[in-house]
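Student: So here's start-v6.txt (compact mmCIF, C-alpha atoms and all ligand atoms).
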# COMPACT_ATOMS: atom_id res chain seq x y z
CA MET A 9 -14.74 -26.53 -17.52
CA LYS A 10 -13.45 -28.17 -14.31
CA ILE A 11 -16.23 -28.97 -11.86
CA PRO A 12 -15.24 -30.89 -8.72
CA PHE A 13 -17.60 -33.44 -7.21
CA ALA A 14 -17.72 -31.54 -3.92
CA ARG A 15 -16.78 -28.02 -2.88
CA ALA A 16 -17.17 -26.89 0.75
CA PRO A 17 -19.29 -23.73 0.79
CA VAL A 18 -16.99 -21.80 3.11
CA SER A 19 -14.09 -19.41 2.58
CA PHE A 20 -11.02 -18.75 4.70
CA ASP A 21 -12.08 -15.11 5.09
CA THR A 22 -15.40 -16.00 6.72
CA VAL A 23 -13.73 -18.50 9.06
CA ALA A 24 -10.80 -16.23 10.02
CA PRO A 25 -12.59 -14.18 12.74
CA PHE A 26 -13.69 -17.37 14.50
CA LEU A 27 -10.25 -18.93 14.20
CA ARG A 28 -8.70 -15.77 15.58
CA GLU A 29 -11.02 -15.99 18.57
CA ALA A 30 -9.99 -19.61 19.16
CA PHE A 31 -6.29 -18.71 19.05
CA GLU A 32 -6.70 -15.58 21.15
CA ASN A 33 -8.47 -17.39 23.96
CA GLY A 34 -5.62 -19.90 23.73
CA TRP A 35 -7.66 -23.06 24.28
CA LEU A 36 -8.09 -24.56 20.74
CA THR A 37 -9.82 -27.80 21.68
CA THR A 38 -13.41 -28.27 22.96
CA GLY A 39 -14.45 -24.95 24.46
CA PRO A 40 -16.64 -21.92 23.90
CA LEU A 41 -16.68 -22.11 20.09
CA ALA A 42 -17.71 -25.77 20.08
CA GLU A 43 -20.41 -24.89 22.60
CA ARG A 44 -21.73 -22.03 20.47
CA PHE A 45 -21.60 -24.08 17.30
CA ILE A 46 -23.59 -26.96 18.72
CA ALA A 47 -26.10 -24.61 20.36
CA GLY A 48 -26.61 -23.08 16.89
CA VAL A 49 -27.13 -26.49 15.28
CA GLY A 50 -29.53 -27.36 18.11
CA GLU A 51 -31.43 -24.14 17.55
CA PHE A 52 -31.74 -24.97 13.84
CA LEU A 53 -33.00 -28.48 14.70
CA GLY A 54 -35.26 -27.25 17.51
CA THR A 55 -33.58 -29.22 20.28
CA ARG A 56 -31.28 -28.68 23.26
CA ASN A 57 -30.61 -32.39 23.59
CA ILE A 58 -27.59 -32.33 21.33
CA VAL A 59 -23.89 -33.05 21.87
CA SER A 60 -21.06 -32.22 19.48
CA VAL A 61 -18.65 -35.01 18.61
CA SER A 62 -15.69 -35.59 16.31
CA SER A 63 -17.59 -37.46 13.56
CA CYS A 64 -20.82 -39.19 12.67
CA THR A 65 -18.96 -42.46 13.15
CA ALA A 66 -18.30 -41.46 16.78
CA ALA A 67 -21.95 -40.43 17.13
CA LEU A 68 -23.05 -43.90 15.98
CA GLN A 69 -20.65 -45.56 18.44
CA ILE A 70 -21.98 -43.43 21.27
CA ALA A 71 -25.63 -44.05 20.30
CA LEU A 72 -25.04 -47.81 20.36
CA ALA A 73 -23.26 -47.55 23.72
CA ALA A 74 -25.95 -45.29 25.24
CA ALA A 75 -28.66 -47.72 24.11
CA LYS A 76 -26.98 -50.30 26.38
CA LEU A 77 -27.12 -53.07 23.81
CA LYS A 78 -25.47 -56.34 24.74
CA SER A 79 -22.93 -58.42 22.89
CA GLY A 80 -24.69 -60.56 20.26
CA ASP A 81 -27.81 -58.36 20.06
CA GLU A 82 -28.94 -57.92 16.48
CA VAL A 83 -29.09 -54.55 14.79
CA ILE A 84 -30.96 -54.17 11.50
CA LEU A 85 -29.48 -51.74 8.96
CA PRO A 86 -29.61 -51.23 5.19
CA ALA A 87 -27.11 -52.94 2.87
CA HIS A 88 -27.04 -49.63 1.03
CA THR A 89 -25.05 -47.35 3.34
CA PHE A 90 -21.55 -46.14 4.13
CA ILE A 91 -19.33 -48.62 5.93
CA ALA A 92 -19.43 -46.57 9.17
CA THR A 93 -23.04 -47.63 9.80
CA PHE A 94 -21.97 -51.27 9.66
CA GLU A 95 -18.55 -51.08 11.29
CA THR A 96 -19.79 -49.31 14.41
CA VAL A 97 -22.25 -52.15 14.99
CA GLU A 98 -19.45 -54.71 14.57
CA LEU A 99 -17.07 -52.80 16.83
CA ALA A 100 -19.73 -52.69 19.56
CA GLY A 101 -19.80 -56.50 19.55
CA LEU A 102 -23.30 -56.50 18.05
CA THR A 103 -24.56 -58.55 15.12
CA PRO A 104 -25.34 -56.52 11.99
CA VAL A 105 -28.34 -57.74 10.00
CA LEU A 106 -28.42 -56.30 6.49
CA VAL A 107 -31.70 -55.64 4.74
CA ASP A 108 -32.71 -54.41 1.29
CA ILE A 109 -33.89 -50.97 0.23
CA ASP A 110 -37.16 -49.70 -1.18
CA PRO A 111 -36.73 -49.52 -4.98
CA ALA A 112 -38.37 -46.09 -5.26
CA THR A 113 -36.90 -44.12 -2.34
CA TRP A 114 -33.57 -46.02 -2.09
CA ASN A 115 -34.03 -46.02 1.70
CA ILE A 116 -34.20 -49.06 3.99
CA SER A 117 -37.41 -51.00 3.37
CA LEU A 118 -39.72 -51.41 6.35
CA GLU A 119 -41.09 -54.68 4.93
CA SER A 120 -37.60 -56.07 4.58
CA ALA A 121 -36.71 -54.98 8.13
CA ALA A 122 -39.86 -56.65 9.48
CA ALA A 123 -38.95 -59.87 7.64
CA HIS A 124 -35.55 -59.93 9.39
CA LEU A 125 -36.81 -59.52 12.97
CA THR A 126 -35.76 -62.24 15.41
CA GLU A 127 -36.04 -62.51 19.16
CA ARG A 128 -32.50 -61.07 19.36
CA THR A 129 -33.27 -57.88 17.39
CA ARG A 130 -32.74 -54.86 19.65
CA ALA A 131 -32.18 -51.89 17.37
CA VAL A 132 -32.60 -50.61 13.85
CA ILE A 133 -30.46 -47.98 12.09
CA CYS A 134 -32.19 -46.07 9.30
CA VAL A 135 -30.14 -44.04 6.84
CA PRO A 136 -32.06 -41.29 5.02
CA PHE A 137 -30.07 -41.79 1.83
CA ALA A 138 -28.93 -38.62 0.04
CA GLY A 139 -31.18 -36.75 2.49
CA ASN A 140 -34.42 -38.48 1.46
CA PRO A 141 -36.76 -38.59 4.47
CA LEU A 142 -38.21 -41.90 5.62
CA PRO A 143 -41.85 -42.41 6.62
CA LEU A 144 -40.78 -42.15 10.23
CA PRO A 145 -44.15 -42.41 12.00
CA ALA A 146 -44.38 -45.97 10.62
CA TRP A 147 -40.80 -46.69 11.71
CA ARG A 148 -41.53 -45.32 15.20
CA THR A 149 -44.55 -47.61 15.51
CA PHE A 150 -42.45 -50.56 14.29
CA ALA A 151 -39.69 -49.80 16.82
CA ASP A 152 -42.18 -49.39 19.69
CA GLN A 153 -44.06 -52.56 18.80
CA HIS A 154 -40.88 -54.63 18.85
CA LYS A 155 -39.09 -52.72 21.67
CA LEU A 156 -36.25 -51.60 19.41
CA THR A 157 -34.00 -48.58 19.74
CA LEU A 158 -34.49 -46.44 16.63
CA ILE A 159 -31.21 -44.85 15.51
CA LEU A 160 -30.95 -42.51 12.55
CA ASP A 161 -27.70 -42.23 10.66
CA ASN A 162 -28.55 -38.71 9.58
CA ALA A 163 -25.17 -38.02 7.95
CA HIS A 164 -27.03 -36.86 4.80
CA ALA A 165 -30.15 -35.48 6.40
CA LEU A 166 -29.43 -32.48 8.60
CA GLU A 167 -32.17 -30.34 7.01
CA ALA A 168 -34.54 -33.19 6.10
CA LYS A 169 -38.08 -33.29 7.47
CA PHE A 170 -41.00 -35.68 7.33
CA GLN A 171 -44.33 -33.85 7.27
CA ASN A 172 -42.76 -30.69 8.59
CA ARG A 173 -40.94 -32.32 11.51
CA PHE A 174 -37.18 -32.81 11.66
CA LEU A 175 -36.30 -36.49 11.45
CA HIS A 176 -34.68 -36.60 14.90
CA GLU A 177 -38.10 -35.95 16.45
CA TYR A 178 -39.12 -39.53 15.66
CA ALA A 179 -35.91 -41.29 16.71
CA ASP A 180 -34.14 -42.30 19.91
CA TYR A 181 -30.72 -41.24 18.64
CA SER A 182 -29.87 -39.17 15.56
CA CYS A 183 -26.30 -39.00 14.35
CA TYR A 184 -25.01 -36.16 12.14
CA SER A 185 -21.84 -35.66 10.12
CA PHE A 186 -19.96 -32.42 9.53
CA TYR A 187 -17.39 -34.11 7.27
CA ALA A 188 -15.83 -31.99 4.51
CA THR A 189 -18.43 -32.88 1.85
CA LYS A 190 -21.50 -32.56 4.05
CA ASN A 191 -24.17 -29.82 3.86
CA LEU A 192 -22.67 -28.21 6.97
CA THR A 193 -18.99 -28.91 7.50
CA THR A 194 -16.36 -28.52 10.19
CA ALA A 195 -13.86 -30.53 8.04
CA GLU A 196 -14.34 -33.42 10.48
CA GLY A 197 -17.09 -33.40 13.06
CA GLY A 198 -20.47 -34.66 14.09
CA ALA A 199 -23.33 -34.43 16.53
CA ILE A 200 -25.79 -36.63 18.32
CA VAL A 201 -29.37 -35.77 19.30
CA CYS A 202 -30.73 -37.95 22.08
CA PRO A 203 -33.58 -38.11 24.60
CA ALA A 204 -33.31 -35.52 27.43
CA ASP A 205 -32.71 -38.22 30.02
CA LYS A 206 -29.71 -39.55 28.04
CA LEU A 207 -28.01 -36.21 27.49
CA GLU A 208 -25.59 -36.49 30.40
CA LEU A 209 -24.74 -40.08 29.48
CA VAL A 210 -24.07 -39.14 25.84
CA ARG A 211 -21.89 -36.21 26.91
CA THR A 212 -20.01 -38.48 29.28
CA LEU A 213 -19.51 -41.17 26.62
CA SER A 214 -18.12 -38.57 24.21
CA LEU A 215 -15.18 -37.76 26.50
CA HIS A 216 -13.57 -40.78 28.17
CA GLY A 217 -16.63 -41.46 30.35
CA MET A 218 -15.63 -38.41 32.40
CA SER A 219 -18.22 -36.91 34.68
CA ARG A 220 -17.34 -33.29 33.78
CA ALA A 221 -16.19 -31.72 30.51
CA ALA A 222 -12.44 -31.08 30.63
CA TRP A 223 -12.60 -27.49 29.47
CA LYS A 224 -14.95 -26.60 32.34
CA ARG A 225 -12.45 -28.14 34.74
CA TYR A 226 -9.59 -26.11 33.33
CA ALA A 227 -11.77 -23.01 33.36
CA GLY A 228 -11.61 -22.84 37.13
CA GLY A 229 -13.53 -25.87 38.42
CA SER A 230 -12.24 -28.51 40.76
CA TRP A 231 -9.26 -30.69 39.69
CA ARG A 232 -11.21 -33.79 40.63
CA TYR A 233 -13.17 -35.75 38.07
CA ASP A 234 -14.69 -39.17 38.04
CA ILE A 235 -14.88 -41.81 35.30
CA VAL A 236 -18.38 -43.25 35.30
CA GLU A 237 -18.50 -45.17 31.98
CA THR A 238 -16.14 -46.66 29.43
CA GLY A 239 -16.14 -43.72 27.05
CA TYR A 240 -14.70 -42.51 23.76
CA LYS A 241 -12.35 -39.64 22.85
CA ALA A 242 -14.80 -38.04 20.48
CA ASN A 243 -14.94 -34.33 21.29
CA LEU A 244 -15.27 -31.63 18.63
CA THR A 245 -12.51 -29.00 18.82
CA ASP A 246 -12.93 -25.21 18.76
CA ILE A 247 -10.75 -25.09 15.62
CA HIS A 248 -13.23 -27.32 13.80
CA ALA A 249 -16.20 -25.48 15.29
CA ALA A 250 -14.81 -22.21 13.86
CA ILE A 251 -15.33 -23.58 10.33
CA GLY A 252 -18.91 -24.55 11.18
CA LEU A 253 -19.75 -21.27 12.89
CA ALA A 254 -18.90 -19.41 9.68
CA GLN A 255 -21.55 -21.42 7.75
CA LEU A 256 -24.37 -21.53 10.31
CA PRO A 257 -26.00 -18.24 9.23
CA LEU A 258 -26.12 -19.55 5.64
CA LEU A 259 -27.53 -22.99 6.36
CA GLN A 260 -31.07 -22.31 5.15
CA LYS A 261 -29.91 -20.40 2.08
CA HIS A 262 -27.50 -23.20 1.16
CA HIS A 263 -30.20 -25.82 1.59
CA ALA A 264 -32.62 -23.82 -0.59
CA ARG A 265 -30.00 -23.70 -3.36
CA ARG A 266 -29.43 -27.46 -3.08
CA ILE A 267 -33.19 -28.00 -3.45
CA GLU A 268 -33.25 -25.68 -6.47
CA LEU A 269 -30.37 -27.55 -8.14
CA THR A 270 -32.10 -30.88 -7.40
CA ALA A 271 -35.26 -29.62 -9.13
CA ARG A 272 -33.21 -28.48 -12.16
CA TYR A 273 -31.56 -31.93 -12.46
CA HIS A 274 -34.97 -33.61 -12.06
CA ARG A 275 -36.51 -31.51 -14.84
CA ALA A 276 -33.55 -31.97 -17.17
CA PHE A 277 -33.53 -35.76 -16.80
CA ALA A 278 -37.31 -36.38 -16.78
CA ASP A 279 -37.34 -37.84 -20.31
CA LEU A 280 -34.13 -39.91 -20.05
CA PRO A 281 -33.91 -43.70 -19.55
CA LEU A 282 -32.70 -43.46 -15.94
CA ARG A 283 -34.12 -43.71 -12.45
CA ARG A 284 -34.30 -40.78 -10.06
CA GLN A 285 -34.90 -40.95 -6.32
CA ASN A 286 -38.57 -40.67 -5.30
CA LEU A 287 -39.74 -39.05 -2.10
CA PRO A 288 -41.79 -41.17 0.28
CA GLU A 289 -45.54 -40.55 0.10
CA GLY A 290 -46.70 -37.53 2.04
CA THR A 291 -43.51 -35.44 1.73
CA LEU A 292 -42.55 -32.46 -0.37
CA GLN A 293 -39.34 -31.83 -2.31
CA HIS A 294 -38.15 -29.10 0.08
CA GLU A 295 -38.24 -31.65 2.94
CA HIS A 296 -35.43 -33.59 1.24
CA GLY A 297 -32.03 -32.97 2.81
CA ALA A 298 -30.59 -32.56 -0.72
CA HIS A 299 -27.14 -33.80 0.25
CA LEU A 300 -26.52 -35.88 -2.89
CA TYR A 301 -28.01 -36.00 -6.36
CA CYS A 302 -27.92 -39.59 -7.57
CA ILE A 303 -29.26 -41.29 -10.66
CA SER A 304 -29.32 -44.95 -11.60
CA LEU A 305 -28.97 -46.17 -15.17
CA ASN A 306 -30.26 -49.46 -16.48
CA ASP A 307 -26.90 -51.20 -16.45
CA ALA A 308 -23.34 -50.93 -15.19
CA ALA A 309 -21.85 -50.48 -18.69
CA ARG A 310 -23.95 -47.33 -19.30
CA ARG A 311 -23.04 -46.02 -15.87
CA ASP A 312 -19.34 -46.46 -16.60
CA VAL A 313 -19.70 -44.65 -19.94
CA ILE A 314 -21.37 -41.66 -18.25
CA ILE A 315 -18.69 -41.50 -15.56
CA GLU A 316 -15.95 -41.64 -18.22
CA HIS A 317 -17.60 -38.90 -20.30
CA LEU A 318 -17.94 -36.64 -17.29
CA GLN A 319 -14.40 -37.34 -16.12
CA SER A 320 -12.92 -36.61 -19.53
CA GLU A 321 -14.64 -33.22 -19.46
CA GLY A 322 -13.22 -32.44 -16.00
CA ILE A 323 -16.38 -33.17 -14.01
CA GLY A 324 -16.11 -35.08 -10.74
CA THR A 325 -18.55 -37.89 -9.94
CA SER A 326 -18.91 -40.56 -7.31
CA VAL A 327 -20.96 -43.65 -6.55
CA HIS A 328 -22.97 -43.82 -3.35
CA PHE A 329 -22.72 -46.45 -2.07
CA ILE A 330 -20.79 -49.60 -2.78
CA PRO A 331 -23.16 -51.93 -0.88
CA ILE A 332 -21.87 -53.40 2.37
CA TYR A 333 -21.98 -56.97 1.02
CA GLU A 334 -19.57 -56.07 -1.84
CA PHE A 335 -16.41 -55.71 0.30
CA SER A 336 -13.82 -58.43 0.86
CA HIS A 337 -14.00 -57.97 4.64
CA THR A 338 -17.76 -58.42 4.80
CA LYS A 339 -17.74 -61.21 2.20
CA ASN A 340 -15.11 -63.14 4.14
CA LYS A 341 -16.69 -62.68 7.55
CA TYR A 342 -20.42 -62.99 6.79
CA SER A 343 -22.35 -65.09 4.33
CA PHE A 344 -24.07 -62.25 2.48
CA HIS A 345 -25.48 -63.02 -0.96
CA THR A 346 -26.04 -60.35 -3.58
CA GLN A 347 -29.32 -61.99 -4.59
CA ASP A 348 -30.72 -61.25 -1.11
CA PHE A 349 -30.56 -57.53 -1.90
CA PRO A 350 -32.11 -57.20 -5.39
CA HIS A 351 -33.16 -53.55 -5.02
CA THR A 352 -29.84 -52.44 -3.52
CA HIS A 353 -28.04 -54.24 -6.31
CA GLY A 354 -30.33 -52.89 -9.02
CA TYR A 355 -29.75 -49.34 -7.84
CA PHE A 356 -26.00 -49.75 -7.28
CA SER A 357 -25.29 -51.35 -10.67
CA GLY A 358 -26.28 -48.17 -12.48
CA ALA A 359 -25.58 -45.57 -9.78
CA VAL A 360 -23.86 -42.25 -10.40
CA SER A 361 -23.72 -39.27 -8.02
CA LEU A 362 -23.46 -35.87 -9.70
CA PRO A 363 -22.07 -32.61 -8.24
CA LEU A 364 -24.54 -30.88 -5.88
CA TYR A 365 -23.48 -27.96 -3.72
CA PRO A 366 -24.65 -24.39 -3.18
CA THR A 367 -21.77 -22.81 -5.08
CA LEU A 368 -22.50 -24.88 -8.21
CA SER A 369 -23.60 -22.29 -10.78
CA ASP A 370 -26.47 -22.76 -13.23
CA ALA A 371 -23.91 -22.68 -16.07
CA GLU A 372 -21.84 -25.44 -14.43
CA GLN A 373 -24.92 -27.55 -13.84
CA ASP A 374 -26.09 -27.00 -17.45
CA GLU A 375 -22.75 -28.36 -18.62
CA ILE A 376 -23.14 -31.50 -16.47
CA ILE A 377 -26.69 -31.96 -17.77
CA ARG A 378 -25.54 -31.53 -21.37
CA ILE A 379 -22.91 -34.26 -21.02
CA VAL A 380 -25.30 -36.71 -19.36
CA ARG A 381 -27.96 -36.04 -22.01
CA ASP A 382 -25.47 -36.39 -24.86
CA ALA A 383 -24.41 -39.77 -23.54
CA LEU A 384 -27.96 -41.05 -23.14
CA VAL A 385 -30.15 -39.53 -25.83
C1 LIG A 401 -24.42 -42.52 5.62
C2 LIG A 401 -23.15 -42.14 6.31
N1 LIG A 401 -22.97 -42.50 7.60
C3 LIG A 401 -21.86 -42.18 8.27
C4 LIG A 401 -20.84 -41.47 7.67
C5 LIG A 401 -19.59 -41.19 8.45
O1 LIG A 401 -19.47 -39.83 8.73
P1 LIG A 401 -18.14 -39.27 9.42
O2 LIG A 401 -17.11 -39.16 8.35
O3 LIG A 401 -18.56 -37.92 9.96
O4 LIG A 401 -17.78 -40.22 10.49
C6 LIG A 401 -20.96 -41.09 6.35
C7 LIG A 401 -19.86 -40.36 5.71
O5 LIG A 401 -19.84 -39.98 4.59
C8 LIG A 401 -22.15 -41.42 5.64
O6 LIG A 401 -22.31 -41.10 4.36
So, in terms of structure tokens, how does the structure I just supplied come out?
Tutor:
Amino acid sequence: MKIPFARAPVSFDTVAPFLREAFENGWLTTGPLAERFIAGVGEFLGTRNIVSVSSCTAALQIALAAAKLKSGDEVILPAHTFIATFETVELAGLTPVLVDIDPATWNISLESAAAHLTERTRAVICVPFAGNPLPLPAWRTFADQHKLTLILDNAHALEAKFQNRFLHEYADYSCYSFYATKNLTTAEGGAIVCPADKLELVRTLSLHGMSRAAWKRYAGGSWRYDIVETGYKANLTDIHAAIGLAQLPLLQKHHARRIELTARYHRAFADLPLRRQNLPEGTLQHEHGAHLYCISLNDAARRDVIIEHLQSEGIGTSVHFIPIYEFSHTKNKYSFHTQDFPHTHGYFSGAVSLPLYPTLSDAEQDEIIRIVRDALV
């Protein structure tokens, strides 16, 4: 049985009517489809303060620019994240400060963040790993107390909630990814939710710092535009939006299936010598974004055996994430030490991510479970 690690839950047939519309109106890039798509995402998230962009990476760049941080300001972020969270801080001329994760939730630890505060700390980026919500009221209080901008790298956490509220409700900026493997995909794409009074600035930053969106200009407005900021070229195209529009009506159903598959994995692995991700206190399983299903074994050798077994049976796996301090670039440029991140390292050493997507059948999942159990029991 061949089971890929990821499989986008969208078919050409469901996208075709939207693509046809994009070709028939003849515009292709950011236009009416992108506008409808992002309005739909905003409706799902309960906000109008949302701008579509070309990736979550672009959203992070724009959030850091909109927060008006200055060169040398320190930004706290977890060592356990994708490189985009780190690189965007570097590229903005800011100083990244890596902190450890909580050993139970595998999310950035508030205690560790507090221990790394200095008088130069200006922002913190939290990453709800795999879609696991963070105890955001406590993070909001922390950010307010220390006058920090609270940014969420919500690449995994579109549907996630903490105590029935979407995560963006607690943050200053929330960045989303619609990359090919994400819960909602446009192949490449992203979004940023921001405070109402920053909406125009965020829009402007997403397109060259231009005062008016280009497609509105071409649609009959004045030829004149102004550049009011140093901006990015980070707009989402109508072609990409067409792929997203086809999935929007299924978003809740897809998320429910991801939660169901997560519960099946949890039950099947309950008696095995491995660690599973815990929710933070006060949340329920359906509030998890259920983007990834990750386990962590007691040692790297066992992890490698499981990955080999699965691979030899045609089952795709991954490891999320190789910690930021593990790369040659970061090792050469910063003096990070593995021993400063014991919980990140403990998790990473045994980490395996298993297939999790709405089109994964029970029979396919049972096969994955069988192989993991056979290797461990
Ligand atoms: C935590 C996290 N942040 C940011 C990104 C970057 O997203 P994008 O590819 O949309 O720029 C990813 C991508 O997988 C991610 O996992």
Student: Could you please extract the residues within 7 Å of ligand LIG 401 (chain A), counting all atoms listed in the file, and hand them back as number ranges by chain?
Tutor: A: 63-66, 89-90, 92-93, 135, 137, 161-164, 185-187, 196-198
Student: Compile the contact shell of Leu85 of chain A as a JSON list (two decimals) with C-alpha atoms, in the coordinates of the input: residues with an atom at most 12 Å away, counting all atoms listed in the file, same-chain residues fewer than 2 positions apart removed.
Tutor:
[["chain", "number", "residue", "atom", "x", "y", "z"],
["A", 82, "GLU", "CA", -28.94, -57.92, 16.48],
["A", 83, "VAL", "CA", -29.09, -54.55, 14.79],
["A", 87, "ALA", "CA", -27.11, -52.94, 2.87],
["A", 88, "HIS", "CA", -27.04, -49.63, 1.03],
["A", 89, "THR", "CA", -25.05, -47.35, 3.34],
["A", 90, "PHE", "CA", -21.55, -46.14, 4.13],
["A", 91, "ILE", "CA", -19.33, -48.62, 5.93],
["A", 92, "ALA", "CA", -19.43, -46.57, 9.17],
["A", 93, "THR", "CA", -23.04, -47.63, 9.80],
["A", 94, "PHE", "CA", -21.97, -51.27, 9.66],
["A", 95, "GLU", "CA", -18.55, -51.08, 11.29],
["A", 96, "THR", "CA", -19.79, -49.31, 14.41],
["A", 97, "VAL", "CA", -22.25, -52.15, 14.99],
["A", 98, "GLU", "CA", -19.45, -54.71, 14.57],
["A", 102, "LEU", "CA", -23.30, -56.50, 18.05],
["A", 103, "THR", "CA", -24.56, -58.55, 15.12],
["A", 104, "PRO", "CA", -25.34, -56.52, 11.99],
["A", 105, "VAL", "CA", -28.34, -57.74, 10.00],
["A", 106, "LEU", "CA", -28.42, -56.30, 6.49],
["A", 107, "VAL", "CA", -31.70, -55.64, 4.74],
["A", 108, "ASP", "CA", -32.71, -54.41, 1.29],
["A", 109, "ILE", "CA", -33.89, -50.97, 0.23],
["A", 115, "ASN", "CA", -34.03, -46.02, 1.70],
["A", 116, "ILE", "CA", -34.20, -49.06, 3.99],
["A", 117, "SER", "CA", -37.41, -51.00, 3.37],
["A", 118, "LEU", "CA", -39.72, -51.41, 6.35],
["A", 120, "SER", "CA", -37.60, -56.07, 4.58],
["A", 121, "ALA", "CA", -36.71, -54.98, 8.13],
["A", 122, "ALA", "CA", -39.86, -56.65, 9.48],
["A", 124, "HIS", "CA", -35.55, -59.93, 9.39],
["A", 125, "LEU", "CA", -36.81, -59.52, 12.97],
["A", 129, "THR", "CA", -33.27, -57.88, 17.39],
["A", 130, "ARG", "CA", -32.74, -54.86, 19.65],
["A", 131, "ALA", "CA", -32.18, -51.89, 17.37],
["A", 132, "VAL", "CA", -32.60, -50.61, 13.85],
["A", 133, "ILE", "CA", -30.46, -47.98, 12.09],
["A", 134, "CYS", "CA", -32.19, -46.07, 9.30],
["A", 135, "VAL", "CA", -30.14, -44.04, 6.84],
["A", 136, "PRO", "CA", -32.06, -41.29, 5.02],
["A", 158, "LEU", "CA", -34.49, -46.44, 16.63],
["A", 159, "ILE", "CA", -31.21, -44.85, 15.51],
["A", 160, "LEU", "CA", -30.95, -42.51, 12.55],
["A", 161, "ASP", "CA", -27.70, -42.23, 10.66],
["A", 331, "PRO", "CA", -23.16, -51.93, -0.88],
["A", 332, "ILE", "CA", -21.87, -53.40, 2.37]]
Student: What separation in Å, quoted to one decimal, exists between atom CA of Leu292 of chain A and atom CA of Ala146 of chain A?
Tutor: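 Going from atom CA of Leu292 of chain A over to atom CA of Ala146 of chain A covers 17.5 Å.
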Student: For Pro143 of chain A, which residue out of A:Leu362, A:Leu77, A:Leu259, A:Leu287 is the nearest one, using only C-alpha atoms?
Tutor: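 Comparing A:Leu362, A:Leu77, A:Leu259, A:Leu287 against Pro143 of chain A, the winner is A:Leu287.
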Student: What is the distance, in Å and to one decimal place, between atom CA of Leu144 of chain A and atom CA of Ile84 of chain A?
Tutor: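 It comes out at 15.6 Å.
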